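Just my_file-v8.tsv here, TSV, C-alpha atoms:
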chain	number	residue	atom	x	y	z
E	263	MET	CA	78.24	-27.17	-5.80
E	264	PRO	CA	79.18	-30.04	-8.09
E	265	PRO	CA	82.58	-31.70	-7.56
E	266	ALA	CA	85.57	-30.14	-9.26
E	267	ASN	CA	85.84	-32.95	-11.81
E	268	HIS	CA	82.21	-32.55	-12.85
E	269	ALA	CA	82.09	-32.93	-16.63
E	270	HIS	CA	78.49	-33.91	-17.28
E	271	PRO	CA	76.08	-31.66	-19.21
E	272	THR	CA	73.36	-31.88	-16.54
E	273	ARG	CA	73.20	-29.02	-14.03
E	274	ARG	CA	73.34	-31.40	-11.10
E	275	PRO	CA	76.07	-34.05	-10.64
E	276	THR	CA	75.09	-37.65	-11.43
E	277	ASP	CA	76.28	-40.91	-9.95
E	278	ALA	CA	78.83	-41.08	-12.75
E	279	SER	CA	80.58	-38.06	-11.25
E	280	TYR	CA	81.48	-40.04	-8.16
E	281	LEU	CA	82.48	-43.34	-9.74
E	282	ASP	CA	86.07	-44.46	-10.01
E	283	GLU	CA	86.75	-44.61	-13.73
E	284	LYS	CA	89.61	-47.06	-13.10
E	285	ARG	CA	87.32	-49.76	-11.67
E	286	GLU	CA	87.51	-53.21	-13.24
E	287	PRO	CA	84.74	-54.07	-15.73
E	288	LEU	CA	82.03	-56.38	-14.44
E	289	PRO	CA	82.26	-60.03	-15.60
E	290	ARG	CA	79.54	-60.17	-18.22
E	291	GLU	CA	80.02	-63.95	-18.50
E	292	LEU	CA	77.95	-64.25	-15.35
E	293	LEU	CA	74.92	-63.37	-17.47
E	294	SER	CA	75.32	-66.51	-19.58
E	295	LEU	CA	77.04	-68.81	-17.10
E	296	PRO	CA	75.30	-72.23	-17.28
E	297	TRP	CA	74.30	-73.87	-14.02
E	298	ILE	CA	73.00	-77.19	-12.76
E	299	ASP	CA	70.34	-77.73	-10.12
E	300	PRO	CA	71.43	-80.92	-8.29
E	301	HIS	CA	68.26	-81.26	-6.22
E	302	ASN	CA	64.70	-80.26	-7.01
E	303	HIS	CA	61.25	-81.77	-7.49
E	304	ALA	CA	60.55	-79.87	-10.70
E	305	HIS	CA	58.31	-82.60	-12.12
E	306	THR	CA	55.73	-81.41	-9.55
E	307	LEU	CA	55.99	-77.76	-10.61
E	308	SER	CA	53.94	-75.91	-13.20
E	309	TRP	CA	55.04	-75.54	-16.81
E	310	GLY	CA	55.74	-71.86	-16.15
E	311	ASP	CA	57.91	-72.63	-13.13
E	312	ARG	CA	59.99	-75.05	-15.16
E	313	GLU	CA	60.26	-72.49	-17.95
E	314	GLN	CA	61.96	-70.16	-15.45
E	315	PHE	CA	64.74	-72.71	-15.05
E	316	ALA	CA	65.40	-72.56	-18.78
E	317	LEU	CA	65.12	-68.78	-19.02
E	318	THR	CA	67.64	-68.26	-16.22
E	319	GLY	CA	70.28	-70.59	-17.66
E	320	CYS	CA	69.74	-74.04	-16.15
E	321	SER	CA	71.41	-76.63	-18.35
E	322	VAL	CA	70.70	-79.78	-16.33
E	323	MET	CA	68.68	-80.67	-13.26
E	324	VAL	CA	68.40	-83.71	-11.01
E	325	MET	CA	64.76	-84.21	-10.06
E	326	VAL	CA	64.25	-86.16	-6.85
E	327	ALA	CA	61.34	-88.56	-7.28
E	328	SER	CA	61.20	-89.63	-3.63
E	329	GLY	CA	59.13	-86.79	-2.21
E	330	ILE	CA	56.68	-88.84	-0.15
E	331	HIS	CA	56.12	-85.89	2.19
E	332	TRP	CA	53.52	-84.50	-0.24
E	333	THR	CA	51.77	-87.83	-0.76
E	334	PRO	CA	48.19	-87.31	0.48
E	335	TYR	CA	47.77	-90.91	1.63
E	336	ARG	CA	48.13	-91.92	5.29
E	337	PRO	CA	49.54	-94.36	5.99
E	338	VAL	CA	52.03	-94.31	3.13
E	339	ARG	CA	52.47	-97.69	1.48
E	340	ALA	CA	55.26	-98.97	-0.72
E	341	ASP	CA	53.06	-98.73	-3.82
E	342	ASP	CA	52.46	-95.02	-3.12
E	343	VAL	CA	56.20	-94.34	-3.25
E	344	ARG	CA	56.70	-96.46	-6.34
E	345	TYR	CA	53.88	-94.56	-8.05
E	346	LEU	CA	55.83	-91.33	-7.47
E	347	TRP	CA	58.92	-92.86	-9.05
E	348	ASP	CA	56.91	-93.96	-12.10
E	349	ASP	CA	55.18	-90.59	-12.36
E	350	ALA	CA	58.51	-88.74	-12.48
E	351	ILE	CA	59.93	-91.15	-15.05
E	352	ASN	CA	56.86	-90.81	-17.25
E	353	ARG	CA	56.97	-87.01	-17.14
E	354	LEU	CA	60.67	-86.82	-17.95
E	355	PRO	CA	60.53	-86.94	-21.80
E	356	ALA	CA	57.99	-84.12	-22.00
E	357	ILE	CA	59.95	-81.97	-19.56
E	358	ARG	CA	63.12	-82.40	-21.61
E	359	ARG	CA	61.28	-81.69	-24.86
E	360	ASP	CA	59.40	-78.62	-23.67
E	361	HIS	CA	62.14	-76.80	-21.79
E	362	PHE	CA	65.40	-77.53	-23.67
E	363	PHE	CA	67.42	-78.31	-20.52
E	364	ASP	CA	68.39	-81.88	-19.72
E	365	ALA	CA	66.77	-83.56	-16.74
E	366	ARG	CA	67.74	-86.67	-14.79
E	367	LEU	CA	66.27	-88.43	-11.77
E	368	ALA	CA	67.15	-89.56	-8.27
E	369	VAL	CA	65.15	-92.43	-6.82
E	370	GLY	CA	64.98	-93.30	-3.15
E	371	VAL	CA	62.93	-93.91	-0.02
E	372	GLN	CA	62.69	-90.88	2.21
E	373	THR	CA	62.05	-91.31	5.93
E	374	GLY	CA	60.11	-88.09	6.51
E	375	VAL	CA	56.99	-90.31	6.45
E	376	ARG	CA	56.98	-93.90	7.69
E	377	VAL	CA	56.47	-96.27	4.77
E	378	GLU	CA	54.61	-99.51	5.34
E	379	GLY	CA	56.33	-102.57	3.87
E	380	PRO	CA	59.56	-100.96	2.62
E	381	ASP	CA	61.41	-104.25	1.97
E	382	GLY	CA	59.73	-104.99	-1.36
E	383	LEU	CA	60.14	-101.37	-2.37
E	384	LEU	CA	63.86	-101.51	-1.73
E	385	GLU	CA	64.13	-104.69	-3.80
E	386	SER	CA	62.41	-102.99	-6.73
E	387	MET	CA	64.84	-100.05	-6.51
E	388	GLU	CA	67.59	-102.14	-8.06
E	389	ASP	CA	65.78	-102.12	-11.42
E	390	TYR	CA	65.10	-98.39	-11.23
E	391	LEU	CA	68.73	-97.60	-10.49
E	392	ALA	CA	69.77	-99.41	-13.67
E	393	LEU	CA	67.78	-96.96	-15.82
E	394	ASP	CA	69.77	-94.43	-17.85
E	395	GLU	CA	67.51	-91.65	-16.56
E	396	VAL	CA	68.49	-92.31	-12.94
E	397	VAL	CA	71.79	-90.74	-11.85
E	398	ALA	CA	71.50	-90.85	-8.05
E	399	VAL	CA	69.99	-92.58	-5.04
E	400	GLY	CA	67.88	-90.45	-2.75
E	401	GLU	CA	66.98	-88.34	-1.21
E	402	THR	CA	67.14	-90.29	2.02
E	403	GLY	CA	68.50	-90.00	5.54
E	404	VAL	CA	67.44	-90.31	9.14
E	405	THR	CA	64.71	-87.81	10.06
E	406	PRO	CA	64.10	-86.76	13.69
E	407	ALA	CA	60.29	-86.66	13.32
E	408	GLN	CA	57.82	-87.89	10.73
E	409	GLN	CA	54.57	-86.74	9.16
E	410	GLY	CA	52.03	-89.24	10.42
E	411	SER	CA	53.19	-92.15	12.54
E	412	ALA	CA	56.68	-92.23	14.00
E	413	TRP	CA	59.40	-94.34	12.40
E	414	SER	CA	61.95	-95.67	14.86
E	415	VAL	CA	65.58	-94.70	14.39
E	416	ASP	CA	66.55	-98.35	13.91
E	417	GLY	CA	63.81	-98.81	11.32
E	418	GLN	CA	64.95	-95.71	9.45
E	419	LEU	CA	68.58	-96.79	9.58
E	420	ASP	CA	67.74	-100.16	8.04
E	421	VAL	CA	66.14	-98.39	5.06
E	422	VAL	CA	68.85	-95.73	4.75
E	423	ARG	CA	71.70	-98.22	5.08
E	424	GLU	CA	70.29	-100.48	2.36
E	425	GLN	CA	70.00	-97.55	-0.03
E	426	MET	CA	73.59	-96.61	0.72
E	427	ALA	CA	74.66	-100.15	-0.09
E	428	MET	CA	72.75	-99.91	-3.41
E	429	ALA	CA	74.46	-96.61	-4.21
E	430	ASP	CA	77.78	-98.36	-3.68
E	431	ARG	CA	76.80	-101.35	-5.83
E	432	HIS	CA	75.58	-99.13	-8.68
E	433	ASP	CA	78.43	-96.63	-8.27
E	434	LEU	CA	75.96	-93.77	-7.89
E	435	PRO	CA	76.03	-90.69	-5.69
E	436	LEU	CA	73.57	-90.55	-2.81
E	437	ILE	CA	71.58	-87.42	-2.02
E	438	LEU	CA	71.43	-87.23	1.75
E	439	HIS	CA	68.59	-85.29	3.33
E	440	THR	CA	70.11	-83.42	6.26
E	441	PRO	CA	67.49	-81.97	8.63
E	442	ASN	CA	67.62	-78.27	9.43
E	443	PRO	CA	67.19	-77.17	13.06
E	444	GLY	CA	63.62	-76.15	13.64
E	445	ASP	CA	62.22	-78.14	10.70
E	446	ASP	CA	60.16	-80.19	13.11
E	447	ALA	CA	59.42	-77.52	15.68
E	448	ASP	CA	55.85	-76.92	16.77
E	449	SER	CA	54.17	-74.29	14.63
E	450	PRO	CA	53.34	-71.03	16.43
E	451	TYR	CA	50.36	-70.61	14.11
E	452	ARG	CA	46.74	-71.55	14.56
E	453	PRO	CA	46.37	-75.35	14.90
E	454	GLY	CA	45.63	-77.08	11.61
E	455	ILE	CA	46.53	-74.09	9.45
E	456	GLY	CA	50.17	-74.96	8.87
E	457	VAL	CA	53.31	-73.01	8.15
E	458	PRO	CA	53.05	-70.13	5.63
E	459	GLY	CA	54.66	-71.15	2.36
E	460	TYR	CA	54.53	-74.87	3.14
E	461	GLU	CA	51.62	-77.20	2.43
E	462	ARG	CA	52.34	-79.35	5.45
E	463	ASN	CA	49.75	-80.39	8.00
E	464	VAL	CA	51.69	-79.65	11.18
E	465	SER	CA	49.10	-81.52	13.24
E	466	LEU	CA	50.41	-84.74	11.65
E	467	VAL	CA	53.98	-84.29	12.89
E	468	ALA	CA	54.77	-87.19	15.22
E	469	GLU	CA	56.76	-86.97	18.42
E	470	PRO	CA	60.53	-86.86	17.75
E	471	VAL	CA	62.31	-90.19	17.69
E	472	ILE	CA	65.72	-88.65	18.45
E	473	ASP	CA	66.29	-87.35	21.98
E	474	SER	CA	69.20	-84.93	21.66
E	475	ASP	CA	70.11	-81.31	22.23
E	476	ASP	CA	70.69	-81.14	18.47
E	477	PRO	CA	68.56	-83.84	16.79
E	478	ALA	CA	69.33	-82.51	13.29
E	479	LEU	CA	73.07	-82.95	13.75
E	480	GLU	CA	72.63	-86.26	15.55
E	481	ALA	CA	70.62	-87.59	12.59
E	482	LEU	CA	73.44	-86.58	10.25
E	483	ARG	CA	76.03	-88.35	12.39
E	484	LEU	CA	73.91	-91.50	12.31
E	485	ASP	CA	73.77	-91.26	8.50
E	486	VAL	CA	77.53	-90.93	8.17
E	487	ASP	CA	78.04	-93.95	10.43
E	488	ALA	CA	75.49	-95.87	8.34
E	489	ALA	CA	77.45	-95.06	5.17
E	490	ALA	CA	80.57	-96.57	6.73
E	491	ASP	CA	78.60	-99.71	7.63
E	492	ALA	CA	77.24	-99.92	4.08
E	493	GLY	CA	80.65	-99.46	2.48
E	494	LEU	CA	79.67	-96.22	0.74
E	495	ASP	CA	82.54	-93.79	0.37
E	496	GLU	CA	81.76	-90.40	1.89
E	497	SER	CA	82.87	-88.70	-1.32
E	498	GLN	CA	79.79	-90.24	-3.01
E	499	ILE	CA	77.44	-88.48	-0.57
E	500	VAL	CA	75.87	-85.16	-1.47
E	501	ALA	CA	74.71	-83.70	1.84
E	502	SER	CA	71.68	-81.71	0.80
E	503	HIS	CA	70.26	-78.79	2.85
E	504	ALA	CA	73.65	-77.93	4.34
E	505	ASP	CA	73.46	-75.07	6.83
E	506	PRO	CA	75.58	-73.36	9.51
E	507	ASN	CA	74.49	-75.99	12.03
E	508	ASN	CA	76.04	-78.91	10.14
E	509	LEU	CA	78.64	-77.25	7.93
E	510	ALA	CA	81.66	-77.56	10.23
E	511	TYR	CA	80.94	-81.24	10.87
E	512	LEU	CA	80.51	-82.00	7.18
E	513	MET	CA	83.58	-80.10	6.02
E	514	GLU	CA	85.94	-80.93	8.87
E	515	GLU	CA	84.95	-84.47	9.87
E	516	THR	CA	83.70	-86.01	6.62
E	517	ASP	CA	84.53	-86.10	2.91
E	518	CYS	CA	80.92	-85.45	1.86
E	519	LEU	CA	79.99	-82.88	-0.73
E	520	VAL	CA	77.75	-80.14	0.65
E	521	SER	CA	74.81	-78.61	-1.18
E	522	PHE	CA	73.07	-75.48	0.09
E	523	THR	CA	69.34	-75.04	-0.53
E	524	THR	CA	68.84	-71.41	-1.55
E	525	GLY	CA	65.28	-71.78	-2.80
E	526	GLN	CA	63.56	-71.40	0.59
E	527	PRO	CA	65.51	-68.96	2.77
E	528	TRP	CA	62.29	-68.19	4.66
E	529	LEU	CA	62.26	-71.83	5.86
E	530	THR	CA	65.90	-72.85	6.20
E	531	GLY	CA	67.60	-69.52	6.86
E	532	VAL	CA	70.12	-70.36	4.12
E	533	SER	CA	70.94	-67.77	1.45
E	534	ALA	CA	73.69	-66.93	-1.01
E	535	ALA	CA	75.44	-65.16	1.87
E	536	THR	CA	75.63	-68.51	3.67
E	537	VAL	CA	77.22	-70.07	0.60
E	538	ALA	CA	79.72	-67.22	0.24
E	539	ASP	CA	80.78	-67.61	3.87
E	540	ALA	CA	81.28	-71.36	3.34
E	541	ILE	CA	83.41	-70.77	0.23
E	542	ASP	CA	85.49	-68.17	2.07
E	543	ARG	CA	86.09	-70.60	4.92
E	544	TYR	CA	86.53	-73.92	3.11
E	545	GLY	CA	87.00	-73.16	-0.57
E	546	PRO	CA	84.71	-74.11	-3.47
E	547	GLU	CA	85.91	-77.67	-4.05
E	548	ARG	CA	83.08	-79.46	-2.20
E	549	VAL	CA	80.31	-76.86	-2.35
E	550	MET	CA	77.16	-76.86	-4.49
E	551	VAL	CA	73.89	-74.92	-4.62
E	552	GLU	CA	70.38	-76.32	-5.13
E	553	THR	CA	66.82	-74.99	-5.28
E	554	ASP	CA	64.86	-77.95	-3.82
E	555	ALA	CA	61.92	-76.38	-5.66
E	556	ALA	CA	58.69	-78.33	-5.18
E	557	ASN	CA	54.99	-77.68	-5.38
E	558	VAL	CA	54.48	-77.95	-1.61
E	559	LEU	CA	56.87	-75.09	-0.86
E	560	ARG	CA	57.10	-71.42	-1.73
E	561	SER	CA	60.23	-71.89	-3.83
E	562	ASP	CA	62.42	-69.48	-5.76
E	563	VAL	CA	63.20	-71.38	-8.95
E	564	ALA	CA	65.65	-68.65	-9.97
E	565	SER	CA	67.56	-68.78	-6.68
E	566	ILE	CA	70.70	-70.31	-8.22
E	567	LYS	CA	70.85	-67.58	-10.86
E	568	ARG	CA	70.38	-64.98	-8.12
E	569	ALA	CA	73.11	-66.68	-6.11
E	570	ILE	CA	75.53	-66.41	-9.04
E	571	PHE	CA	75.30	-62.62	-8.92
E	572	GLU	CA	75.23	-62.42	-5.13
E	573	LEU	CA	78.31	-64.60	-4.75
E	574	TYR	CA	80.21	-62.25	-7.03
E	575	ARG	CA	78.96	-59.22	-5.09
E	576	ARG	CA	80.30	-60.84	-1.93
E	577	GLY	CA	83.77	-61.26	-3.38
E	578	ILE	CA	83.72	-64.81	-4.78
E	579	GLU	CA	85.70	-65.08	-7.99
E	580	VAL	CA	84.10	-66.15	-11.27
E	581	ASP	CA	86.06	-69.42	-11.48
E	582	ALA	CA	84.90	-70.39	-8.00
E	583	ILE	CA	81.31	-69.53	-8.83
E	584	ARG	CA	81.46	-71.65	-11.98
E	585	ARG	CA	82.85	-74.54	-9.97
E	586	VAL	CA	80.09	-74.33	-7.34
E	587	VAL	CA	77.09	-73.96	-9.66
E	588	TYR	CA	78.25	-76.02	-12.63
E	589	GLU	CA	81.43	-78.08	-12.42
E	590	ASN	CA	80.90	-79.68	-9.00
E	591	PRO	CA	77.37	-80.97	-9.70
E	592	ARG	CA	78.40	-82.01	-13.20
E	593	ASP	CA	81.19	-84.16	-11.79
E	594	ALA	CA	79.30	-85.41	-8.73
E	595	PHE	CA	76.44	-86.81	-10.83
E	596	ASP	CA	78.60	-87.76	-13.83
E	597	LEU	CA	76.55	-85.63	-16.18
E	598	ALA	CA	77.91	-85.86	-19.70
E	599	LEU	CA	77.12	-82.45	-21.15
Here is the file; what I need is its structure written in the form of structure tokens.
Amino acid sequence: MPPANHAHPTRRPTDASYLDEKREPLPRELLSLPWIDPHNHAHTLSWGDREQFALTGCSVMVMVASGIHWTPYRPVRADDVRYLWDDAINRLPAIRRDHFFDARLAVGVQTGVRVEGPDGLLESMEDYLALDEVVAVGETGVTPAQQGSAWSVDGQLDVVREQMAMADRHDLPLILHTPNPGDDADSPYRPGIGVPGYERNVSLVAEPVIDSDDPALEALRLDVDAAADAGLDESQIVASHADPNNLAYLMEETDCLVSFTTGQPWLTGVSAATVADAIDRYGPERVMVETDAANVLRSDVASIKRAIFELYRRGIEVDAIRRVVYENPRDAFDLAL
């Protein structure tokens, strides 16, 4: 028997018969809410992948040109890294023209692969950071284990600290690569095949250079100490790849901004639910969301748009969502929109 208040012409009751007619209307502005991706490698993606950013409402993105982890050359030399910077800069006008969103760059030396002769590379960074297209330093940060030959912690810190000093001199934010637990774990798959969804040769992963129960968190602590040595204010640091393992430290013991990578939940275990929990616990003031989309990873380029809806479903208010996906990255990278 249909419910007593059944007033629909069909013979069987529909979902509408059970809905509360007094419910609040859904916020349709979420459909057109603009958003910013503060960390991706979209210059390595296909035209169609980048089109998805535009179709789902991206207004600006910060493309990180320092992704030496996909450089096919071993060992990696300074000129290899500089080529990647130049390649991203040269692609930028066409990307802006073809996809209607604005795009800016971050330039840095990442330590996921040991770079031979980094001193000259760091000197050349000064000129790159003066370019109008470049709005951030990075991504960089101490990495527990490298692809290829190991890079000592002291050697990494020298490179990271110098980039932090440059960020301070140029008054730019620094995108800090924070390792996720398990990133450098041995693959359980057939040797030489690699991790599904990731074009990484796991046989090239060197022995860890950090001996700790939690090398990912220890690397982050070393980075924060390095920022203090370099004179870089913690509020200029965007801690990328934030996760439950480092969130409490970042939010309670530092002034860093935190950015959650939602584009690869299969790899990092981070999703919109993780972001919602962080907002519930700490508020939206220092929280951002990024895709980290790149051509070496199975990446969801629409993950920020999906997160907008999921955050609302999980009880986050529209103003807080707007702050996390738009206002915070806009202000952090001084993006004049």
Of the candidates E:Ala278, E:Ile437, E:Val404, E:Ala392, which one gets nearest to Val471 of chain E if we count all atoms listed in the file?
E:Val404
What is the atom CA of Ala488 of chain E to atom CA of Thr402 of chain E distance in Å?
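Taking atom CA of Ala488 of chain E as the start and atom CA of Thr402 of chain E as the end point, the length is 11.9 Å.
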Who sits within 7 Å of segment 462-465 of chain E, only C-alpha atoms, same chain under 4 positions skipped, as an MDAnalysis selection string
chainID E and resid 449 453:454 456:457
Produce a file of the selected residues containing C-alpha atoms, as a compact mmCIF listing (two decimals), in the frame of the given file.
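Final output, again23.txt:
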# COMPACT_ATOMS: atom_id res chain seq x y z
CA SER E 449 54.17 -74.29 14.63
CA PRO E 453 46.37 -75.35 14.90
CA GLY E 454 45.63 -77.08 11.61
CA GLY E 456 50.17 -74.96 8.87
CA VAL E 457 53.31 -73.01 8.15
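Between Arg359 of chain E and the candidates E:Leu307, E:Ala316, E:Ala398, E:Val422, the tightest atom-to-atom separation, counting all atoms listed in the file, involves E:Ala316.
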What are the centre and the three edge lengths of an axis-aligned box that wraps all atoms of segment 480-487 of chain E in the file, given that 4 Å is added to every side, written as lines of an AutoDock Vina configuration file and rounded to one decimal in Å?
center_x = 74.3
center_y = -90.1
center_z = 11.9
size_x = 15.4
size_y = 15.7
size_z = 15.4
Which residue gives the smallest distance to Arg548 of chain E among E:Arg592, E:Arg576, E:His305, E:Arg585, with only C-alpha atoms counted?
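Of the candidates, the smallest distance to Arg548 of chain E is held by E:Arg585.
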Excluding Asp364 of chain E and any residue of its chain fewer than 6 positions from it, enumerate the residues within 12 Å of it, using only C-alpha atoms, and give them as number ranges by chain.
E: 297-300, 312, 315-316, 319-325, 354-358, 395, 592, 597-599
Taking only C-alpha atoms into account, which of E:Gly525, E:Pro380, E:Gly410, E:Pro271 comes nearest Ala564 of chain E?
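Closest to Ala564 of chain E, using only C-alpha atoms: E:Gly525.
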Please provide as an MDAnalysis selection string all residues within 10 Å of segment 283-292 of chain E, with the sequence filter that same-chain residues fewer than 2 positions apart are discarded (counting all atoms listed in the file).
chainID E and resid 278:281 294:296 567 570:571 574 579:580 583:584
Could you write those residues out with C-alpha atoms, as a tab-separated table (two decimals), keeping the file's coordinate frame?
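What ended up in part01.tsv:
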chain	number	residue	atom	x	y	z
E	278	ALA	CA	78.83	-41.08	-12.75
E	279	SER	CA	80.58	-38.06	-11.25
E	280	TYR	CA	81.48	-40.04	-8.16
E	281	LEU	CA	82.48	-43.34	-9.74
E	294	SER	CA	75.32	-66.51	-19.58
E	295	LEU	CA	77.04	-68.81	-17.10
E	296	PRO	CA	75.30	-72.23	-17.28
E	567	LYS	CA	70.85	-67.58	-10.86
E	570	ILE	CA	75.53	-66.41	-9.04
E	571	PHE	CA	75.30	-62.62	-8.92
E	574	TYR	CA	80.21	-62.25	-7.03
E	579	GLU	CA	85.70	-65.08	-7.99
E	580	VAL	CA	84.10	-66.15	-11.27
E	583	ILE	CA	81.31	-69.53	-8.83
E	584	ARG	CA	81.46	-71.65	-11.98
Counting all atoms listed in the file, which of E:Thr373, E:Leu317, E:Ala492, E:Leu383 gets nearest to Val343 of chain E?
E:Leu383
Of the candidates E:Ala340, E:Leu529, E:Val586, E:Val371, which shows the shortest atom-to-atom distance to Gly459 of chain E, using only C-alpha atoms?
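The shortest atom-to-atom distance to Gly459 of chain E comes from E:Leu529.
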Please provide as a VMD selection string all residues within 7 Å of Ser502 of chain E, with the sequence filter that same-chain residues fewer than 4 positions apart are discarded (counting all atoms listed in the file).
chain E and resid 437 to 440 520 to 522
Selected residues written out with C-alpha atoms, as a PDB file, in the coordinates of the input:
ATOM      1  CA  ILE E 437      71.580 -87.420  -2.020  1.00  0.00           C
ATOM      2  CA  LEU E 438      71.430 -87.230   1.750  1.00  0.00           C
ATOM      3  CA  HIS E 439      68.590 -85.290   3.330  1.00  0.00           C
ATOM      4  CA  THR E 440      70.110 -83.420   6.260  1.00  0.00           C
ATOM      5  CA  VAL E 520      77.750 -80.140   0.650  1.00  0.00           C
ATOM      6  CA  SER E 521      74.810 -78.610  -1.180  1.00  0.00           C
ATOM      7  CA  PHE E 522      73.070 -75.480   0.090  1.00  0.00           C
TER       8      PHE E 522
END
Report the distance between atom CA of Asp475 of chain E and atom CA of Pro441 of chain E in Å, rounded to one decimal place.
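Straight-line distance from atom CA of Asp475 of chain E to atom CA of Pro441 of chain E works out to 13.9 Å.
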What separation in Å, quoted to one decimal, exists between atom CA of Arg353 of chain E and atom CA of Val397 of chain E?
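Atom CA of Arg353 of chain E sits 16.2 Å away from atom CA of Val397 of chain E.
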Point (83.9, -75.4, 2.5) neighbourhood (9 Å, all atoms listed in the file) written as a compact mmCIF listing (two decimals) with C-alpha atoms, in the coordinates of the input:
# COMPACT_ATOMS: atom_id res chain seq x y z
CA LEU E 509 78.64 -77.25 7.93
CA ALA E 510 81.66 -77.56 10.23
CA LEU E 512 80.51 -82.00 7.18
CA MET E 513 83.58 -80.10 6.02
CA GLU E 514 85.94 -80.93 8.87
CA VAL E 520 77.75 -80.14 0.65
CA VAL E 537 77.22 -70.07 0.60
CA ASP E 539 80.78 -67.61 3.87
CA ALA E 540 81.28 -71.36 3.34
CA ILE E 541 83.41 -70.77 0.23
CA ASP E 542 85.49 -68.17 2.07
CA ARG E 543 86.09 -70.60 4.92
CA TYR E 544 86.53 -73.92 3.11
CA GLY E 545 87.00 -73.16 -0.57
CA PRO E 546 84.71 -74.11 -3.47
CA GLU E 547 85.91 -77.67 -4.05
CA ARG E 548 83.08 -79.46 -2.20
CA VAL E 549 80.31 -76.86 -2.35
Determine, counting all atoms listed in the file, which protein, DNA and RNA residues have an atom within 6 Å of an atom of Thr523 of chain E; residues of the same chain fewer than 2 positions away are not included. Present the result as an NGL selection string.
:E and (503 or 525 or 552-553)
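Selection around (63.2, -102.6, 9.3) with radius 12 Å, counting all atoms listed in the file, yields the residues E:Thr373, E:Arg376, E:Val377, E:Glu378, E:Gly379, E:Pro380, E:Asp381, E:Gly382, E:Leu384, E:Trp413, E:Ser414, E:Val415, E:Asp416, E:Gly417, E:Gln418, E:Leu419, E:Asp420, E:Val421, E:Val422, E:Arg423, E:Glu424.
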